[in-house]
$ cat upload.cif   # mmCIF, C-alpha atoms
data_data
#
loop_
_atom_site.label_atom_id
_atom_site.label_comp_id
_atom_site.auth_asym_id
_atom_site.auth_seq_id
_atom_site.Cartn_x
_atom_site.Cartn_y
_atom_site.Cartn_z
CA MET U 1 -11.11 -22.29 120.03
CA ALA U 2 -13.35 -19.22 120.29
CA THR U 3 -14.54 -19.75 116.73
CA ALA U 4 -15.48 -23.36 117.49
CA VAL U 5 -17.44 -22.28 120.55
CA GLN U 6 -19.26 -19.65 118.52
CA GLU U 7 -20.18 -22.20 115.85
CA ILE U 8 -21.47 -24.62 118.48
CA SER U 9 -23.46 -21.84 120.11
CA ARG U 10 -24.91 -20.78 116.77
CA PHE U 11 -25.89 -24.37 115.99
CA GLY U 12 -27.47 -24.71 119.40
CA TRP U 13 -29.57 -21.59 118.90
CA LEU U 14 -30.56 -22.83 115.44
CA VAL U 15 -31.81 -26.12 116.93
CA TYR U 16 -33.61 -24.23 119.71
CA ASP U 17 -35.31 -21.89 117.24
CA SER U 18 -36.33 -24.80 115.01
CA VAL U 19 -37.84 -26.74 117.90
CA THR U 20 -39.62 -23.63 119.15
CA GLU U 21 -41.00 -22.89 115.69
CA PHE U 22 -42.22 -26.46 115.32
CA GLY U 23 -43.90 -26.27 118.72
CA LYS U 24 -45.70 -23.07 117.69
CA PHE U 25 -46.79 -24.75 114.47
CA VAL U 26 -48.19 -27.77 116.32
CA LYS U 27 -50.13 -25.45 118.64
CA PHE U 28 -51.42 -23.49 115.64
CA VAL U 29 -52.65 -26.67 113.96
CA SER U 30 -54.27 -27.94 117.17
CA ASP U 31 -56.05 -24.60 117.71
CA VAL U 32 -57.48 -24.71 114.18
CA LEU U 33 -58.61 -28.32 114.60
CA VAL U 34 -60.25 -27.55 117.95
CA ARG U 35 -62.21 -24.68 116.41
CA PHE U 36 -63.22 -26.79 113.46
CA ALA U 37 -64.36 -29.65 115.70
CA ALA U 38 -66.32 -27.29 117.95
CA HIS U 39 -68.14 -25.41 115.17
CA PRO U 40 -67.68 -27.25 111.84
CA MET U 41 -70.61 -25.61 110.09
CA ARG U 42 -69.32 -22.13 110.90
CA CYS U 43 -66.06 -23.01 109.20
CA LEU U 44 -67.83 -24.55 106.20
CA LYS U 45 -70.04 -21.64 105.24
CA TRP U 46 -70.18 -21.27 101.48
CA THR U 47 -69.44 -17.54 101.75
CA LEU U 48 -66.09 -18.51 103.28
CA LEU U 49 -65.36 -21.66 101.26
CA GLY U 50 -66.52 -20.56 97.80
CA PRO U 51 -63.84 -17.94 97.16
CA GLN U 52 -61.16 -20.31 98.47
CA PHE U 53 -62.34 -23.14 96.22
CA TYR U 54 -61.95 -20.81 93.27
CA ALA U 55 -58.56 -19.46 94.37
CA VAL U 56 -57.09 -22.85 95.22
CA GLY U 57 -58.76 -25.05 92.62
CA ILE U 58 -60.29 -23.35 89.60
CA ALA U 59 -57.56 -20.74 89.23
CA SER U 60 -54.88 -23.47 89.44
CA ILE U 61 -56.26 -25.58 86.60
CA PRO U 62 -54.24 -23.97 83.77
CA VAL U 63 -50.83 -24.39 85.41
CA VAL U 64 -51.64 -27.93 86.57
CA ALA U 65 -52.91 -28.86 83.09
CA ILE U 66 -49.82 -27.52 81.34
CA THR U 67 -47.45 -29.14 83.83
CA GLY U 68 -49.19 -32.52 83.79
CA ALA U 69 -49.44 -32.74 80.02
CA PHE U 70 -45.85 -31.72 79.37
CA ILE U 71 -44.47 -34.08 82.02
CA GLY U 72 -46.28 -36.97 80.33
CA MET U 73 -44.88 -35.89 76.96
CA ILE U 74 -41.35 -35.56 78.31
CA LEU U 75 -41.44 -39.00 79.94
CA ALA U 76 -42.66 -40.52 76.67
CA LEU U 77 -39.98 -38.75 74.64
CA GLU U 78 -37.20 -39.79 77.00
CA GLY U 79 -38.38 -43.36 77.50
CA TYR U 80 -39.36 -44.40 73.99
CA GLU U 81 -35.88 -45.13 72.64
CA GLN U 82 -34.99 -47.28 75.66
CA PHE U 83 -38.19 -49.32 75.41
CA ALA U 84 -37.97 -49.59 71.61
CA SER U 85 -34.44 -50.98 71.86
CA PHE U 86 -35.92 -54.02 73.67
CA GLY U 87 -39.02 -54.18 71.50
CA GLN U 88 -41.24 -53.17 74.41
CA GLU U 89 -42.46 -49.79 73.23
CA SER U 90 -46.07 -50.96 73.60
CA ARG U 91 -45.53 -51.15 77.37
CA LEU U 92 -44.21 -47.60 77.67
CA GLY U 93 -47.63 -46.24 78.57
CA SER U 94 -47.99 -48.64 81.50
CA VAL U 95 -44.74 -47.48 83.09
CA ILE U 96 -45.45 -43.78 82.58
CA ASN U 97 -49.05 -43.90 83.76
CA LEU U 98 -48.16 -46.00 86.79
CA SER U 99 -45.50 -43.46 87.76
CA VAL U 100 -47.86 -40.55 87.12
CA THR U 101 -50.78 -41.88 89.17
CA LYS U 102 -48.69 -43.02 92.14
CA GLN U 103 -45.97 -40.40 92.42
CA ILE U 104 -45.51 -37.73 89.77
CA GLY U 105 -49.12 -36.55 89.46
CA PRO U 106 -49.80 -36.00 93.18
CA VAL U 107 -46.39 -34.43 93.82
CA LEU U 108 -46.54 -32.12 90.80
CA ALA U 109 -50.07 -30.97 91.59
CA ALA U 110 -49.11 -30.32 95.21
CA VAL U 111 -45.98 -28.39 94.23
CA MET U 112 -48.01 -26.23 91.85
CA VAL U 113 -50.54 -25.54 94.62
CA ALA U 114 -47.73 -24.72 97.04
CA GLY U 115 -46.12 -22.34 94.57
CA ARG U 116 -49.25 -20.65 93.27
CA VAL U 117 -51.57 -20.81 96.27
CA GLY U 118 -49.33 -21.33 99.31
CA CYS U 119 -47.28 -18.22 98.67
CA ALA U 120 -50.44 -16.19 98.06
CA LEU U 121 -52.02 -17.41 101.31
CA ALA U 122 -48.92 -16.57 103.32
CA ALA U 123 -48.60 -13.13 101.71
CA GLU U 124 -52.31 -12.35 102.17
CA LEU U 125 -52.44 -13.37 105.83
CA GLY U 126 -49.01 -11.87 106.46
CA THR U 127 -50.18 -8.52 105.15
CA MET U 128 -53.21 -8.74 107.42
CA ALA U 129 -50.94 -9.50 110.37
CA VAL U 130 -48.55 -6.65 109.59
CA THR U 131 -51.36 -4.13 109.16
CA GLU U 132 -52.98 -5.33 112.42
CA GLN U 133 -56.14 -6.52 110.72
CA LEU U 134 -55.94 -9.79 112.64
CA ASP U 135 -55.77 -7.87 115.93
CA ALA U 136 -58.77 -5.82 114.83
CA MET U 137 -60.75 -9.01 114.18
CA ARG U 138 -59.91 -10.32 117.64
CA ALA U 139 -60.93 -6.98 119.17
CA MET U 140 -64.33 -7.34 117.47
CA ASP U 141 -64.66 -10.89 118.89
CA ALA U 142 -64.18 -12.46 115.44
CA ASP U 143 -61.96 -15.53 115.45
CA PRO U 144 -59.40 -15.27 112.60
CA LEU U 145 -58.54 -18.97 112.89
CA ARG U 146 -62.16 -19.94 112.22
CA ILE U 147 -62.88 -17.27 109.62
CA LEU U 148 -59.58 -17.10 107.75
CA VAL U 149 -57.56 -20.27 108.36
CA ALA U 150 -60.08 -23.12 108.52
CA PRO U 151 -61.75 -22.39 105.14
CA ARG U 152 -58.36 -22.07 103.43
CA VAL U 153 -57.12 -25.35 104.88
CA VAL U 154 -60.35 -27.15 103.93
CA ALA U 155 -60.12 -25.76 100.40
CA CYS U 156 -56.52 -27.02 100.07
CA ILE U 157 -57.50 -30.47 101.37
CA ILE U 158 -60.46 -30.80 98.97
CA MET U 159 -59.06 -29.16 95.84
CA THR U 160 -55.57 -30.72 95.83
CA PRO U 161 -56.91 -34.26 95.16
CA LEU U 162 -59.18 -32.90 92.40
CA LEU U 163 -56.21 -31.14 90.82
CA THR U 164 -54.26 -34.40 91.16
CA ILE U 165 -56.90 -36.25 89.14
CA TYR U 166 -56.67 -33.55 86.49
CA SER U 167 -52.87 -33.78 86.49
CA ASP U 168 -53.01 -37.58 86.15
CA LEU U 169 -55.41 -37.42 83.21
CA LEU U 170 -53.38 -34.78 81.38
CA GLY U 171 -50.15 -36.70 82.05
CA ALA U 172 -51.66 -39.87 80.58
CA TRP U 173 -52.94 -37.91 77.58
CA GLY U 174 -49.55 -36.29 77.01
CA ALA U 175 -47.79 -39.66 77.11
CA TRP U 176 -50.44 -41.12 74.77
CA PHE U 177 -50.01 -38.28 72.28
CA ILE U 178 -46.24 -38.76 71.98
CA THR U 179 -46.29 -42.56 72.12
CA VAL U 180 -49.21 -43.15 69.74
CA GLN U 181 -49.46 -40.08 67.52
CA ILE U 182 -45.74 -39.33 67.16
CA HIS U 183 -44.05 -42.74 67.46
CA GLY U 184 -46.88 -44.80 65.96
CA VAL U 185 -47.45 -47.27 68.80
CA SER U 186 -50.85 -48.94 68.74
CA SER U 187 -53.38 -47.06 70.86
CA GLU U 188 -55.03 -50.35 71.84
CA ASN U 189 -51.74 -51.72 73.19
CA TYR U 190 -51.02 -48.47 75.00
CA TRP U 191 -54.27 -48.61 76.97
CA TYR U 192 -54.27 -52.41 77.34
CA PHE U 193 -50.90 -52.55 79.06
CA THR U 194 -51.80 -49.48 81.13
CA ALA U 195 -54.90 -51.28 82.40
CA GLN U 196 -52.82 -54.36 83.15
CA ALA U 197 -50.28 -52.40 85.18
CA ILE U 198 -52.59 -50.12 87.16
CA ASP U 199 -55.19 -51.41 89.61
CA TRP U 200 -57.51 -49.51 91.95
CA TRP U 201 -54.86 -49.07 94.64
CA ASP U 202 -52.39 -47.04 92.57
CA PRO U 203 -54.58 -43.96 91.90
CA THR U 204 -56.17 -44.35 95.36
CA SER U 205 -52.81 -44.14 97.11
CA GLY U 206 -51.93 -41.11 95.00
CA LEU U 207 -55.15 -39.36 95.99
CA LEU U 208 -54.62 -40.18 99.67
CA LYS U 209 -51.17 -38.65 99.42
CA SER U 210 -52.63 -35.53 97.83
CA VAL U 211 -55.01 -35.10 100.78
CA ALA U 212 -52.02 -35.06 103.13
CA PHE U 213 -50.17 -32.70 100.77
CA GLY U 214 -53.12 -30.30 100.71
CA ALA U 215 -53.39 -30.28 104.51
CA ALA U 216 -49.66 -29.59 104.86
CA ILE U 217 -49.78 -26.74 102.32
CA GLY U 218 -52.80 -25.14 103.96
CA PHE U 219 -51.53 -25.31 107.53
CA ILE U 220 -47.95 -24.30 106.72
CA SER U 221 -48.91 -21.37 104.50
CA CYS U 222 -51.44 -19.99 106.99
CA PHE U 223 -49.01 -20.43 109.87
CA LYS U 224 -46.28 -18.56 108.03
CA GLY U 225 -48.71 -15.75 107.31
CA PHE U 226 -49.93 -15.53 110.91
CA THR U 227 -46.38 -15.45 112.29
CA CYS U 228 -45.10 -12.99 109.69
CA SER U 229 -42.54 -10.45 110.90
CA ALA U 230 -43.13 -6.72 110.46
CA GLY U 231 -42.67 -4.85 107.20
CA ALA U 232 -42.81 -5.66 103.51
CA ALA U 233 -39.65 -7.73 103.83
CA GLY U 234 -41.35 -9.86 106.46
CA VAL U 235 -44.27 -10.57 104.14
CA GLY U 236 -41.86 -11.55 101.37
CA ARG U 237 -39.97 -13.89 103.69
CA ALA U 238 -43.23 -15.43 104.86
CA ALA U 239 -44.27 -16.20 101.27
CA THR U 240 -40.87 -17.67 100.43
CA ASN U 241 -40.69 -19.72 103.62
CA ALA U 242 -44.21 -20.99 103.04
CA PHE U 243 -43.25 -22.47 99.67
CA VAL U 244 -39.93 -23.90 100.88
CA ALA U 245 -41.47 -25.47 103.98
CA SER U 246 -44.44 -26.81 101.98
CA PHE U 247 -42.14 -28.34 99.36
CA LEU U 248 -40.02 -30.04 102.02
CA ALA U 249 -43.18 -31.31 103.73
CA ILE U 250 -44.47 -32.70 100.42
CA VAL U 251 -41.23 -34.60 99.81
CA LEU U 252 -41.11 -35.96 103.37
CA ILE U 253 -44.78 -36.95 103.42
CA ASN U 254 -44.40 -38.63 100.04
CA LEU U 255 -41.45 -40.67 101.29
CA VAL U 256 -43.26 -41.80 104.44
CA LEU U 257 -46.58 -42.57 102.76
CA ALA U 258 -44.96 -44.37 99.82
CA GLN U 259 -43.37 -46.82 102.25
CA PHE U 260 -46.51 -47.08 104.37
CA PHE U 261 -48.91 -47.64 101.47
CA GLY U 262 -46.57 -50.12 99.81
CA THR U 263 -46.28 -52.17 103.01
CA PHE U 264 -50.03 -51.94 103.67
CA TYR U 265 -50.93 -53.12 100.17
CA GLU U 266 -48.50 -56.02 100.38
CA LEU U 267 -49.89 -57.12 103.77
CA VAL U 268 -53.51 -56.92 102.61
CA THR U 269 -53.18 -58.49 99.15
CA GLY U 270 -49.94 -60.44 99.35
CA ARG U 271 -48.76 -58.71 96.18
CA VAL U 272 -46.31 -55.87 95.55
CA SER U 273 -47.99 -52.63 94.52
CA GLY U 274 -47.06 -51.38 91.06
CA LEU U 275 -45.54 -54.68 89.89
CA LEU U 276 -45.74 -54.64 86.11
CA PRO U 277 -47.20 -57.66 84.27
#

$ encode --input "upload.cif" --output "structure tokens"
Amino acid sequence: MATAVQEISRFGWLVYDSVTEFGKFVKFVSDVLVRFAAHPMRCLKWTLLGPQFYAVGIASIPVVAITGAFIGMILALEGYEQFASFGQESRLGSVINLSVTKQIGPVLAAVMVAGRVGCALAAELGTMAVTEQLDAMRAMDADPLRILVAPRVVACIIMTPLLTIYSDLLGAWGAWFITVQIHGVSSENYWYFTAQAIDWWDPTSGLLKSVAFGAAIGFISCFKGFTCSAGAAGVGRAATNAFVASFLAIVLINLVLAQFFGTFYELVTGRVSGLLP
């Protein structure tokens, strides 16, 4: 009986801590948005944004390129035999590229940003919190939310869609290389059926998702850094928690937006998004 009571109590405290943490996160996000709305140009200074554009976007290109290209290759390798058994290998590119532009490309790019950039943001800001640099900025009447958080969030929101485009292109190229150059499928058929399967809405919905992914990564990573506990272990936990929370947010946002965009497209056009010819 005592053990059951302890387990219930532990679960109750877990729920309480989770709700409290979420409330702090909502307040953190609202504070950043208020500062951005009040002084947008102060948050968008090139001296603040430029280094973040490089750290989030340019420095992430190699890992996004490698991941996107190899995912396209893997999908082509795994799917060719199944399509060839029905004599539909020419349509393999349409299925892969539709999946890449709507789902795989945005999610993969966001996960790479969360792993490479999100952890770094949390560790950087966490170190500043532990060493009291954030308190020193406040003492000098410098707002750390405006100077440190807003530019990082804006960089994540802008660069994640650009990395998604890059991931989509490399994924399509990787699938083309395996399908056409290795298995001998006609390049004209590959691109023809891809154009038939993908319309303007498919890459657009993927890019809109990536904007939400970038915002989630930026806010979560900065929040974890700002609320970092003391010591080197606290910084390590902040970096780990930033990636885990960002990954879960990406999956949840993708689920919600996939349903929303699919319903929206069907209501507007009367057709089902992604329906192959």

$ closest_atom_pairs --input "upload.cif" --of "segment 128-192 of chain U" --to "segment 31-46 of chain U" --cutoff "7 Å" --atoms "only C-alpha atoms" --output "Markdown table"
| residue | atom | partner | partner_atom | distance |
| --- | --- | --- | --- | --- |
| U:Leu145 | CA | U:Val32 | CA | 6.0 |
| U:Arg146 | CA | U:Cys43 | CA | 5.8 |
| U:Ile147 | CA | U:Cys43 | CA | 6.6 |
| U:Ala150 | CA | U:Cys43 | CA | 6.0 |
| U:Pro151 | CA | U:Cys43 | CA | 6.0 |

$ write_last_selection --input "upload.cif" --atoms "C-alpha atoms" --output "compact mmCIF listing (two decimals), in the frame of the given file"
# COMPACT_ATOMS: atom_id res chain seq x y z
CA LEU U 145 -58.54 -18.97 112.89
CA ARG U 146 -62.16 -19.94 112.22
CA ILE U 147 -62.88 -17.27 109.62
CA ALA U 150 -60.08 -23.12 108.52
CA PRO U 151 -61.75 -22.39 105.14

$ closest_residue --input "upload.cif" --among "U:Cys228, U:Val117, U:Ile217, U:Leu108" --to "Glu132 of chain U" --atoms "all atoms listed in the file"
U:Cys228

$ resolve_selection --input "upload.cif" --expression "the PyMOL selection byres ((chain U and resi 202-204) around 8)" --output "ChimeraX atom specification"
/U:98,101-102,198-201,205-208,273-274

$ resolve_selection --input "upload.cif" --expression "the PyMOL selection byres ((chain U and resi 126) around 12)" --output "number ranges by chain"
U: 118-125, 127-134, 148, 221-242

$ atom_distance --input "upload.cif" --atom1 "atom CA of Met140 of chain U" --atom2 "atom CA of Gly218 of chain U"
25.1 Å

$ closest_residue --input "upload.cif" --among "U:Ala215, U:Ala59, U:Val244, U:Leu163" --to "Pro106 of chain U" --atoms "all atoms listed in the file"
U:Leu163

$ atom_distance --input "upload.cif" --atom1 "atom CA of Ala175 of chain U" --atom2 "atom CA of Gln103 of chain U"
15.4 Å

$ axis_aligned_box --input "upload.cif" --around "segment 227-245 of chain U" --padding-each-side "6 Å" --output "AutoDock Vina command-line options"
--center_x -43.0 --center_y -15.2 --center_z 106.0 --size_x 18.7 --size_y 32.6 --size_z 24.6

$ closest_residue --input "upload.cif" --among "U:Gln52, U:Thr194, U:Ser246, U:Gln181" --to "Val153 of chain U" --atoms "only C-alpha atoms"
U:Gln52

$ decode --input "upload.cif" --residues "segment 67-99 of chain U" --atoms "N, CA and C atoms" --output "PDB file, in the first residue's frame"
ATOM      1  N   THR U  67      23.056  13.795 -45.497  1.00  0.00           N
ATOM      2  CA  THR U  67      21.859  13.081 -45.043  1.00  0.00           C
ATOM      3  C   THR U  67      20.804  13.020 -46.133  1.00  0.00           C
ATOM      4  N   GLY U  68      20.522  14.167 -46.774  1.00  0.00           N
ATOM      5  CA  GLY U  68      19.497  14.193 -47.815  1.00  0.00           C
ATOM      6  C   GLY U  68      19.830  13.287 -48.983  1.00  0.00           C
ATOM      7  N   ALA U  69      21.057  13.360 -49.457  1.00  0.00           N
ATOM      8  CA  ALA U  69      21.448  12.549 -50.610  1.00  0.00           C
ATOM      9  C   ALA U  69      21.377  11.061 -50.302  1.00  0.00           C
ATOM     10  N   PHE U  70      21.876  10.667 -49.147  1.00  0.00           N
ATOM     11  CA  PHE U  70      21.897   9.238 -48.826  1.00  0.00           C
ATOM     12  C   PHE U  70      20.505   8.697 -48.535  1.00  0.00           C
ATOM     13  N   ILE U  71      19.624   9.524 -47.973  1.00  0.00           N
ATOM     14  CA  ILE U  71      18.248   9.076 -47.763  1.00  0.00           C
ATOM     15  C   ILE U  71      17.571   8.818 -49.103  1.00  0.00           C
ATOM     16  N   GLY U  72      17.765   9.723 -50.073  1.00  0.00           N
ATOM     17  CA  GLY U  72      17.209   9.488 -51.401  1.00  0.00           C
ATOM     18  C   GLY U  72      17.753   8.219 -52.032  1.00  0.00           C
ATOM     19  N   MET U  73      19.050   7.979 -51.889  1.00  0.00           N
ATOM     20  CA  MET U  73      19.655   6.761 -52.426  1.00  0.00           C
ATOM     21  C   MET U  73      19.085   5.509 -51.760  1.00  0.00           C
ATOM     22  N   ILE U  74      18.954   5.560 -50.445  1.00  0.00           N
ATOM     23  CA  ILE U  74      18.455   4.393 -49.709  1.00  0.00           C
ATOM     24  C   ILE U  74      17.021   4.074 -50.117  1.00  0.00           C
ATOM     25  N   LEU U  75      16.188   5.115 -50.229  1.00  0.00           N
ATOM     26  CA  LEU U  75      14.796   4.882 -50.635  1.00  0.00           C
ATOM     27  C   LEU U  75      14.728   4.277 -52.031  1.00  0.00           C
ATOM     28  N   ALA U  76      15.600   4.735 -52.930  1.00  0.00           N
ATOM     29  CA  ALA U  76      15.614   4.175 -54.284  1.00  0.00           C
ATOM     30  C   ALA U  76      16.091   2.725 -54.284  1.00  0.00           C
ATOM     31  N   LEU U  77      17.119   2.435 -53.490  1.00  0.00           N
ATOM     32  CA  LEU U  77      17.610   1.063 -53.415  1.00  0.00           C
ATOM     33  C   LEU U  77      16.562   0.119 -52.837  1.00  0.00           C
ATOM     34  N   GLU U  78      15.884   0.556 -51.798  1.00  0.00           N
ATOM     35  CA  GLU U  78      14.902  -0.309 -51.145  1.00  0.00           C
ATOM     36  C   GLU U  78      13.624  -0.462 -51.962  1.00  0.00           C
ATOM     37  N   GLY U  79      13.267   0.588 -52.718  1.00  0.00           N
ATOM     38  CA  GLY U  79      11.984   0.551 -53.410  1.00  0.00           C
ATOM     39  C   GLY U  79      12.025   0.015 -54.825  1.00  0.00           C
ATOM     40  N   TYR U  80      13.214  -0.056 -55.426  1.00  0.00           N
ATOM     41  CA  TYR U  80      13.276  -0.420 -56.839  1.00  0.00           C
ATOM     42  C   TYR U  80      12.728  -1.819 -57.103  1.00  0.00           C
ATOM     43  N   GLU U  81      13.147  -2.796 -56.333  1.00  0.00           N
ATOM     44  CA  GLU U  81      12.715  -4.174 -56.587  1.00  0.00           C
ATOM     45  C   GLU U  81      11.202  -4.307 -56.496  1.00  0.00           C
ATOM     46  N   GLN U  82      10.571  -3.639 -55.504  1.00  0.00           N
ATOM     47  CA  GLN U  82       9.126  -3.715 -55.375  1.00  0.00           C
ATOM     48  C   GLN U  82       8.423  -3.094 -56.581  1.00  0.00           C
ATOM     49  N   PHE U  83       8.902  -1.947 -57.027  1.00  0.00           N
ATOM     50  CA  PHE U  83       8.274  -1.294 -58.180  1.00  0.00           C
ATOM     51  C   PHE U  83       8.545  -2.077 -59.463  1.00  0.00           C
ATOM     52  N   ALA U  84       9.765  -2.610 -59.596  1.00  0.00           N
ATOM     53  CA  ALA U  84      10.104  -3.371 -60.806  1.00  0.00           C
ATOM     54  C   ALA U  84       9.280  -4.640 -60.923  1.00  0.00           C
ATOM     55  N   SER U  85       8.908  -5.237 -59.788  1.00  0.00           N
ATOM     56  CA  SER U  85       8.117  -6.464 -59.836  1.00  0.00           C
ATOM     57  C   SER U  85       6.735  -6.234 -60.440  1.00  0.00           C
ATOM     58  N   PHE U  86       6.254  -4.977 -60.413  1.00  0.00           N
ATOM     59  CA  PHE U  86       4.967  -4.640 -61.030  1.00  0.00           C
ATOM     60  C   PHE U  86       5.148  -3.884 -62.345  1.00  0.00           C
ATOM     61  N   GLY U  87       6.401  -3.757 -62.779  1.00  0.00           N
ATOM     62  CA  GLY U  87       6.662  -3.029 -64.011  1.00  0.00           C
ATOM     63  C   GLY U  87       6.465  -1.534 -63.895  1.00  0.00           C
ATOM     64  N   GLN U  88       6.580  -0.999 -62.688  1.00  0.00           N
ATOM     65  CA  GLN U  88       6.332   0.424 -62.466  1.00  0.00           C
ATOM     66  C   GLN U  88       7.587   1.147 -61.971  1.00  0.00           C
ATOM     67  N   GLU U  89       8.747   0.662 -62.356  1.00  0.00           N
ATOM     68  CA  GLU U  89       9.970   1.292 -61.868  1.00  0.00           C
ATOM     69  C   GLU U  89      10.124   2.731 -62.347  1.00  0.00           C
ATOM     70  N   SER U  90       9.472   3.080 -63.458  1.00  0.00           N
ATOM     71  CA  SER U  90       9.555   4.460 -63.941  1.00  0.00           C
ATOM     72  C   SER U  90       8.878   5.437 -62.992  1.00  0.00           C
ATOM     73  N   ARG U  91       7.947   4.957 -62.183  1.00  0.00           N
ATOM     74  CA  ARG U  91       7.216   5.816 -61.248  1.00  0.00           C
ATOM     75  C   ARG U  91       7.873   5.887 -59.871  1.00  0.00           C
ATOM     76  N   LEU U  92       8.993   5.213 -59.703  1.00  0.00           N
ATOM     77  CA  LEU U  92       9.650   5.211 -58.394  1.00  0.00           C
ATOM     78  C   LEU U  92      10.040   6.621 -57.958  1.00  0.00           C
ATOM     79  N   GLY U  93      10.542   7.407 -58.896  1.00  0.00           N
ATOM     80  CA  GLY U  93      10.955   8.763 -58.556  1.00  0.00           C
ATOM     81  C   GLY U  93       9.821   9.614 -58.033  1.00  0.00           C
ATOM     82  N   SER U  94       8.616   9.423 -58.571  1.00  0.00           N
ATOM     83  CA  SER U  94       7.478  10.231 -58.122  1.00  0.00           C
ATOM     84  C   SER U  94       7.141   9.947 -56.668  1.00  0.00           C
ATOM     85  N   VAL U  95       7.186   8.684 -56.265  1.00  0.00           N
ATOM     86  CA  VAL U  95       6.871   8.321 -54.888  1.00  0.00           C
ATOM     87  C   VAL U  95       7.940   8.847 -53.930  1.00  0.00           C
ATOM     88  N   ILE U  96       9.205   8.658 -54.296  1.00  0.00           N
ATOM     89  CA  ILE U  96      10.293   9.101 -53.424  1.00  0.00           C
ATOM     90  C   ILE U  96      10.294  10.617 -53.276  1.00  0.00           C
ATOM     91  N   ASN U  97      10.192  11.329 -54.390  1.00  0.00           N
ATOM     92  CA  ASN U  97      10.279  12.781 -54.334  1.00  0.00           C
ATOM     93  C   ASN U  97       9.062  13.402 -53.661  1.00  0.00           C
ATOM     94  N   LEU U  98       7.908  12.775 -53.809  1.00  0.00           N
ATOM     95  CA  LEU U  98       6.731  13.250 -53.086  1.00  0.00           C
ATOM     96  C   LEU U  98       6.923  13.092 -51.587  1.00  0.00           C
ATOM     97  N   SER U  99       7.449  11.937 -51.178  1.00  0.00           N
ATOM     98  CA  SER U  99       7.706  11.706 -49.756  1.00  0.00           C
ATOM     99  C   SER U  99       8.769  12.652 -49.219  1.00  0.00           C
TER     100      SER U  99
END
